[in-house]
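To start, the structure under review is shown below, and the notes come after it.
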Amino acid sequence: MKVYIETEHLILRPLEPDDAEAAFRWCGDPAVNRYMIYPLYHRAEDVRTWLESRNPDDPDSYDEGIVLKETGELIGSGGLHRVPERNAWEIGYNLRADQWGHGYAVEMLNALIEHIRKEHPVEAIDGIFAAANHKSQRVMEKMGMSFVRDTSFDRLDGSETFPAKYYRRNFTQPADRCLVCGRIEETLRGENPYFVRELETGYVVLGDYQRFEGYTLLLCKEHATELSQLTPEFRAAFLRDMAVTAEAVENAFRPDKMNYELLGVGKCRHMHWHLFPRRQGDTPKPGPVWRVTDMNDECWRPSPEKLEELKQKLNRELDKLL
Ligand SMILES: [Zn+2]
């Protein structure tokens, strides 16, 4: 998409074919290109061909020219494009080597993200960069992103494979976009009567309807849809918190079997564990709870006294395990 944004030191504006000569200064520089996916350009005409081939109106791509206000020179390009399968916007940029080290990439990306968030839900930003590219790692860290896992990528011409790192930052969503983020906000304001306790990675809450007595949820503190989107440390802690919560539910409500489900769909695409204490004959036919049609009937909403009793029972058991 075409944007025009001014920041403290920079102007972000659409790239034009006539920028070819200026862009060749970084597109043709082996130092800038060292860890890039695209091959090094050897002629400014080829940069022009690339600039002419771009679709500046693609709503899923913001790839802008970066102009240094002080001199009026085009010093790089970059931005974000949407990656639907990861629910994320991936960052990419190139800066002329003589302009490195001033924080321009971070300044550009932060301004652009703020702009994109007004037009699209941005659930997360992702960055994949060559492991040896320490400068990019610092940019990711300054963007508040964290290491998720090692990966690799190939140059488009197949000439080289780079061991790489995948960094990510998840963004909390407004309540009208994510009901789980909304519920967490309510909890933090002290307005969620179902709230039981805060753990390191999530919030323990009782289910609104207690058709299966002791039904408990653990809401992930991160707005993320898959375990694969969490840092290794956070993921391990989240799984531990789930196991502890489930054990407390088991001890408090003495079911015949616990059911564990990590779900998230529609406006609840935000990981949350459903922990169901199950008992012999608690459904007309054996099977998952979701086959029961009366689960959310108002008659299963606990009275304030009953709710207090369930919360106390669960909290006592959590106390013993934490
Ligand atoms: Zn959320």
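Chain labels follow the order of the structure tokens: the first chain is A, the next B, and so on; residue numbering restarts at 1 in every chain, and ligands are counted from 1 in their shown order.
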
Quiz item: Near A:Arg43, counting only C-alpha atoms, which residues have an atom at most 9 Å away, once you skip same-chain residues fewer than 4 positions from it, shown as a list in words?
Solution: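 Residues near the query, excluding close chain neighbours: Phe24, Gly28 and Val47 of chain A.
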
Quiz item: Residues of stretch 73-175 of chain A in strand (DSSP E) according to DSSP, as JSON, numbers by chain?
Solution: {"A": [73, 74, 75, 76, 77, 78, 79, 80, 81, 82, 83, 88, 89, 90, 91, 92, 93, 94, 95, 124, 125, 126, 127, 128, 129, 130, 146, 147, 148, 149, 150, 151, 152, 153, 154, 161, 162, 163, 164, 165, 166, 167, 168, 169, 170]}

Practice problem: Show which residues sit within 10 Å of A:Asp150, as a list in words. Count only C-alpha atoms, and ignore same-chain residues fewer than 5 positions away. | Solution: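 That gives Ile128, Phe129, Ala130, Ala131, Pro163, Ala164, Lys165, Tyr166 and Tyr167 of chain A.
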
For stretch 301-309 of chain A: contacts at 10 Å, only C-alpha atoms, fewer than 2 positions along chain excluded, given as a PDB file with N, CA and C atoms, in the first residue's frame:
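To be explicit, this is the file written out as around-v7.pdb:
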ATOM      1  N   PRO A 193     -15.939 -12.024  37.814  1.00  0.00           N
ATOM      2  CA  PRO A 193     -16.261 -12.802  39.018  1.00  0.00           C
ATOM      3  C   PRO A 193     -15.763 -14.247  38.939  1.00  0.00           C
ATOM      4  N   TYR A 194     -15.399 -14.707  37.724  1.00  0.00           N
ATOM      5  CA  TYR A 194     -14.962 -16.098  37.564  1.00  0.00           C
ATOM      6  C   TYR A 194     -13.461 -16.278  37.774  1.00  0.00           C
ATOM      7  N   VAL A 196      -9.966 -16.876  39.236  1.00  0.00           N
ATOM      8  CA  VAL A 196      -9.494 -17.660  40.385  1.00  0.00           C
ATOM      9  C   VAL A 196      -8.109 -17.203  40.817  1.00  0.00           C
ATOM     10  N   LEU A 206     -12.888 -19.931  36.302  1.00  0.00           N
ATOM     11  CA  LEU A 206     -13.892 -20.994  36.214  1.00  0.00           C
ATOM     12  C   LEU A 206     -14.752 -20.755  34.984  1.00  0.00           C
ATOM     13  N   GLY A 207     -15.276 -21.831  34.394  1.00  0.00           N
ATOM     14  CA  GLY A 207     -16.174 -21.689  33.266  1.00  0.00           C
ATOM     15  C   GLY A 207     -17.449 -20.976  33.683  1.00  0.00           C
ATOM     16  N   ASP A 208     -18.008 -20.177  32.751  1.00  0.00           N
ATOM     17  CA  ASP A 208     -19.246 -19.437  33.058  1.00  0.00           C
ATOM     18  C   ASP A 208     -20.381 -20.402  33.409  1.00  0.00           C
ATOM     19  N   TYR A 209     -20.384 -21.572  32.771  1.00  0.00           N
ATOM     20  CA  TYR A 209     -21.449 -22.553  33.001  1.00  0.00           C
ATOM     21  C   TYR A 209     -20.815 -23.813  33.588  1.00  0.00           C
ATOM     22  N   GLN A 210     -21.430 -24.334  34.614  1.00  0.00           N
ATOM     23  CA  GLN A 210     -20.832 -25.448  35.347  1.00  0.00           C
ATOM     24  C   GLN A 210     -21.641 -26.737  35.146  1.00  0.00           C
ATOM     25  N   ARG A 211     -22.029 -26.996  33.883  1.00  0.00           N
ATOM     26  CA  ARG A 211     -22.704 -28.247  33.541  1.00  0.00           C
ATOM     27  C   ARG A 211     -21.815 -29.432  33.959  1.00  0.00           C
ATOM     28  N   GLU A 213     -19.221 -29.899  36.715  1.00  0.00           N
ATOM     29  CA  GLU A 213     -18.783 -29.128  37.884  1.00  0.00           C
ATOM     30  C   GLU A 213     -17.255 -29.135  38.036  1.00  0.00           C
ATOM     31  N   GLY A 214     -16.728 -27.911  38.152  1.00  0.00           N
ATOM     32  CA  GLY A 214     -15.281 -27.756  38.253  1.00  0.00           C
ATOM     33  C   GLY A 214     -14.629 -27.357  36.938  1.00  0.00           C
ATOM     34  N   MET A 295     -25.012 -27.313  27.383  1.00  0.00           N
ATOM     35  CA  MET A 295     -23.876 -26.927  28.213  1.00  0.00           C
ATOM     36  C   MET A 295     -23.926 -25.459  28.638  1.00  0.00           C
ATOM     37  N   ASN A 296     -24.415 -24.586  27.739  1.00  0.00           N
ATOM     38  CA  ASN A 296     -24.445 -23.158  28.044  1.00  0.00           C
ATOM     39  C   ASN A 296     -25.838 -22.667  28.444  1.00  0.00           C
ATOM     40  N   ASP A 297     -26.689 -23.579  28.902  1.00  0.00           N
ATOM     41  CA  ASP A 297     -28.010 -23.156  29.385  1.00  0.00           C
ATOM     42  C   ASP A 297     -27.838 -22.381  30.691  1.00  0.00           C
ATOM     43  N   GLU A 298     -28.681 -21.369  30.846  1.00  0.00           N
ATOM     44  CA  GLU A 298     -28.554 -20.484  32.022  1.00  0.00           C
ATOM     45  C   GLU A 298     -28.649 -21.241  33.350  1.00  0.00           C
ATOM     46  N   CYS A 299     -29.347 -22.400  33.327  1.00  0.00           N
ATOM     47  CA  CYS A 299     -29.506 -23.146  34.579  1.00  0.00           C
ATOM     48  C   CYS A 299     -28.162 -23.641  35.123  1.00  0.00           C
ATOM     49  N   LYS A 311     -14.577 -21.547  43.681  1.00  0.00           N
ATOM     50  CA  LYS A 311     -13.295 -20.835  43.585  1.00  0.00           C
ATOM     51  C   LYS A 311     -12.412 -21.139  44.794  1.00  0.00           C
ATOM     52  N   GLN A 312     -13.041 -21.150  45.979  1.00  0.00           N
ATOM     53  CA  GLN A 312     -12.264 -21.435  47.198  1.00  0.00           C
ATOM     54  C   GLN A 312     -11.667 -22.836  47.162  1.00  0.00           C
ATOM     55  N   LYS A 313     -12.494 -23.791  46.722  1.00  0.00           N
ATOM     56  CA  LYS A 313     -12.028 -25.181  46.632  1.00  0.00           C
ATOM     57  C   LYS A 313     -10.801 -25.268  45.724  1.00  0.00           C
ATOM     58  N   LEU A 314     -10.904 -24.629  44.564  1.00  0.00           N
ATOM     59  CA  LEU A 314      -9.821 -24.698  43.584  1.00  0.00           C
ATOM     60  C   LEU A 314      -8.584 -23.963  44.096  1.00  0.00           C
ATOM     61  N   ASN A 315      -8.789 -22.798  44.680  1.00  0.00           N
ATOM     62  CA  ASN A 315      -7.665 -22.015  45.203  1.00  0.00           C
ATOM     63  C   ASN A 315      -6.905 -22.771  46.289  1.00  0.00           C
TER      64      ASN A 315
END

Exercise. Name the residues, by chain letter and number, that sit within 10 Å of ligand 1 using only C-alpha atoms and all ligand atoms, and give them as a PyMOL selection string.
Key: chain A and resi 123+170-175+177-185+219-225+264+267-272

N, CA and C atoms of the current selection, written as a compact mmCIF listing (two decimals), in the first residue's frame:
# COMPACT_ATOMS: atom_id res chain seq x y z
N GLU A 123 -2.07 -9.00 14.63
CA GLU A 123 -2.05 -9.88 15.80
C GLU A 123 -0.62 -10.15 16.25
N ASN A 170 3.71 -10.95 19.85
CA ASN A 170 2.24 -11.01 19.78
C ASN A 170 1.67 -9.72 20.36
N PHE A 171 0.61 -9.21 19.74
CA PHE A 171 -0.02 -7.98 20.20
C PHE A 171 -1.38 -8.27 20.85
N THR A 172 -1.60 -7.73 22.02
CA THR A 172 -2.92 -7.81 22.65
C THR A 172 -3.94 -7.12 21.73
N GLN A 173 -5.14 -7.71 21.63
CA GLN A 173 -6.16 -7.17 20.72
C GLN A 173 -7.28 -6.47 21.50
N PRO A 174 -7.94 -5.50 20.85
CA PRO A 174 -9.11 -4.90 21.50
C PRO A 174 -10.21 -5.94 21.69
N ALA A 175 -11.06 -5.72 22.69
CA ALA A 175 -12.07 -6.72 23.07
C ALA A 175 -13.02 -7.06 21.92
N ARG A 177 -12.22 -7.55 18.94
CA ARG A 177 -11.54 -8.45 18.01
C ARG A 177 -11.19 -9.78 18.66
N CYS A 178 -10.87 -9.74 19.96
CA CYS A 178 -10.52 -11.00 20.64
C CYS A 178 -11.22 -11.04 21.99
N LEU A 179 -12.13 -12.00 22.12
CA LEU A 179 -12.91 -12.09 23.36
C LEU A 179 -12.03 -12.51 24.54
N VAL A 180 -10.96 -13.27 24.25
CA VAL A 180 -10.09 -13.71 25.34
C VAL A 180 -9.28 -12.52 25.87
N CYS A 181 -8.71 -11.73 24.95
CA CYS A 181 -8.01 -10.50 25.39
C CYS A 181 -8.98 -9.63 26.19
N GLY A 182 -10.22 -9.54 25.73
CA GLY A 182 -11.24 -8.73 26.43
C GLY A 182 -11.48 -9.26 27.83
N ARG A 183 -11.55 -10.59 27.93
CA ARG A 183 -11.80 -11.22 29.24
C ARG A 183 -10.61 -10.96 30.19
N ILE A 184 -9.41 -11.01 29.64
CA ILE A 184 -8.22 -10.76 30.46
C ILE A 184 -8.22 -9.31 30.96
N GLU A 185 -8.60 -8.40 30.07
CA GLU A 185 -8.67 -6.98 30.45
C GLU A 185 -9.65 -6.79 31.61
N LEU A 219 -6.38 -19.05 30.62
CA LEU A 219 -6.26 -18.13 29.49
C LEU A 219 -4.80 -17.73 29.34
N CYS A 220 -4.26 -17.93 28.15
CA CYS A 220 -2.83 -17.62 27.91
C CYS A 220 -2.62 -16.10 27.95
N LYS A 221 -1.57 -15.65 28.62
CA LYS A 221 -1.29 -14.21 28.68
C LYS A 221 -0.91 -13.65 27.31
N GLU A 222 -0.39 -14.50 26.45
CA GLU A 222 -0.01 -14.05 25.10
C GLU A 222 -1.21 -14.20 24.17
N HIS A 223 -1.45 -13.18 23.33
CA HIS A 223 -2.43 -13.34 22.27
C HIS A 223 -1.74 -14.12 21.14
N ALA A 224 -1.83 -15.45 21.22
CA ALA A 224 -1.22 -16.32 20.21
C ALA A 224 -2.17 -17.48 19.99
N THR A 225 -2.13 -18.07 18.79
CA THR A 225 -3.10 -19.12 18.48
C THR A 225 -2.51 -20.53 18.60
N GLY A 264 -9.38 -22.53 20.38
CA GLY A 264 -9.36 -21.12 19.99
C GLY A 264 -9.93 -21.00 18.59
N LYS A 267 -13.63 -15.34 17.23
CA LYS A 267 -13.16 -14.22 18.05
C LYS A 267 -12.45 -14.69 19.32
N CYS A 268 -12.27 -16.00 19.43
CA CYS A 268 -11.51 -16.54 20.56
C CYS A 268 -10.23 -17.22 20.06
N ARG A 269 -9.73 -16.75 18.91
CA ARG A 269 -8.48 -17.35 18.38
C ARG A 269 -7.30 -16.88 19.22
N HIS A 270 -7.28 -17.32 20.43
CA HIS A 270 -6.29 -16.92 21.42
C HIS A 270 -6.26 -18.11 22.37
N MET A 271 -5.11 -18.78 22.40
CA MET A 271 -5.03 -20.05 23.11
C MET A 271 -5.61 -20.01 24.51
N HIS A 272 -6.46 -20.96 24.82
CA HIS A 272 -6.93 -21.11 26.20
C HIS A 272 -7.24 -22.59 26.44

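Of note, atom CA of A:Trp89 and atom CA of A:Ala111 are spaced 14.1 Å apart.
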
Quiz prompt | Counting only C-alpha atoms, the residue of A:Pro277, A:Gly72, A:Gly65, A:Pro286 that sits nearest A:Tyr93 | solution =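 Result for the nearest residue to A:Tyr93: A:Gly65.
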
Quiz prompt | DSSP helix (DSSP H, G or I) selection over stretch 78-300 of chain A, as a VMD selection string | solution = chain A and resid 84 to 86 97 to 99 104 to 119 134 to 142 179 to 188 227 to 229 232 to 253 266 to 268 289 to 291 298 to 300

Practice problem: For atom CA of A:Pro14 and atom CA of A:Arg169, determine how far apart the two atoms are, in Å to one decimal place. | Solution: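 These atoms are spaced 26.1 Å apart.
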
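The two atoms in question, atom CA of A:Val3 and atom CA of A:Leu95, are spaced 18.5 Å apart.
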
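With only C-alpha atoms as the basis for measurement, A:His42 is the residue among A:His42, A:Arg235, A:Arg254, A:His9 that approaches A:Arg25 most closely.
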
Quiz item: For A:Thr283, which of A:Asn192, A:Gln99, A:Phe212, A:Asn55 is the closest residue, counting only C-alpha atoms?
Solution: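 Nearest candidate to A:Thr283 out of A:Asn192, A:Gln99, A:Phe212, A:Asn55: A:Phe212.
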
Quiz item: Which residue out of A:Leu310, A:Ala236, A:Val148, A:Val204 has the minimum interatomic distance to A:Trp273 when only C-alpha atoms are used?
Solution: A:Val204

Quiz item: Which polymer residues have any atom within 10 Å of an atom of A:Ile5, counting only C-alpha atoms, with same-chain residues fewer than 5 positions away left out, as a list of chain:residue names?
Solution: A:Leu10, A:Ile11, A:Leu12, A:Arg13, A:Glu64, A:Ile66, A:Met108, A:Ala111, A:Leu112, A:His115

Quiz item: Quick one: residues within 10 Å of A:Leu40, only C-alpha atoms counted, chain neighbours fewer than 3 positions away excluded, as an NGL selection string?
Solution: :A and (24 or 26-34 or 36-37 or 43)

Exercise. Select, from A:Phe147, A:Tyr104, A:Trp50, A:Tyr260, the residue with the minimum atom-to-atom distance to A:Ile75, counting only C-alpha atoms.
Key: A:Tyr104

Practice problem: Using only C-alpha atoms, find the one residue out of A:Leu275, A:Met143, A:Val265, A:Val244 that sits nearest to A:Leu321. | Solution: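 Between A:Leu275, A:Met143, A:Val265, A:Val244, the residue approaching A:Leu321 most closely is A:Val244.
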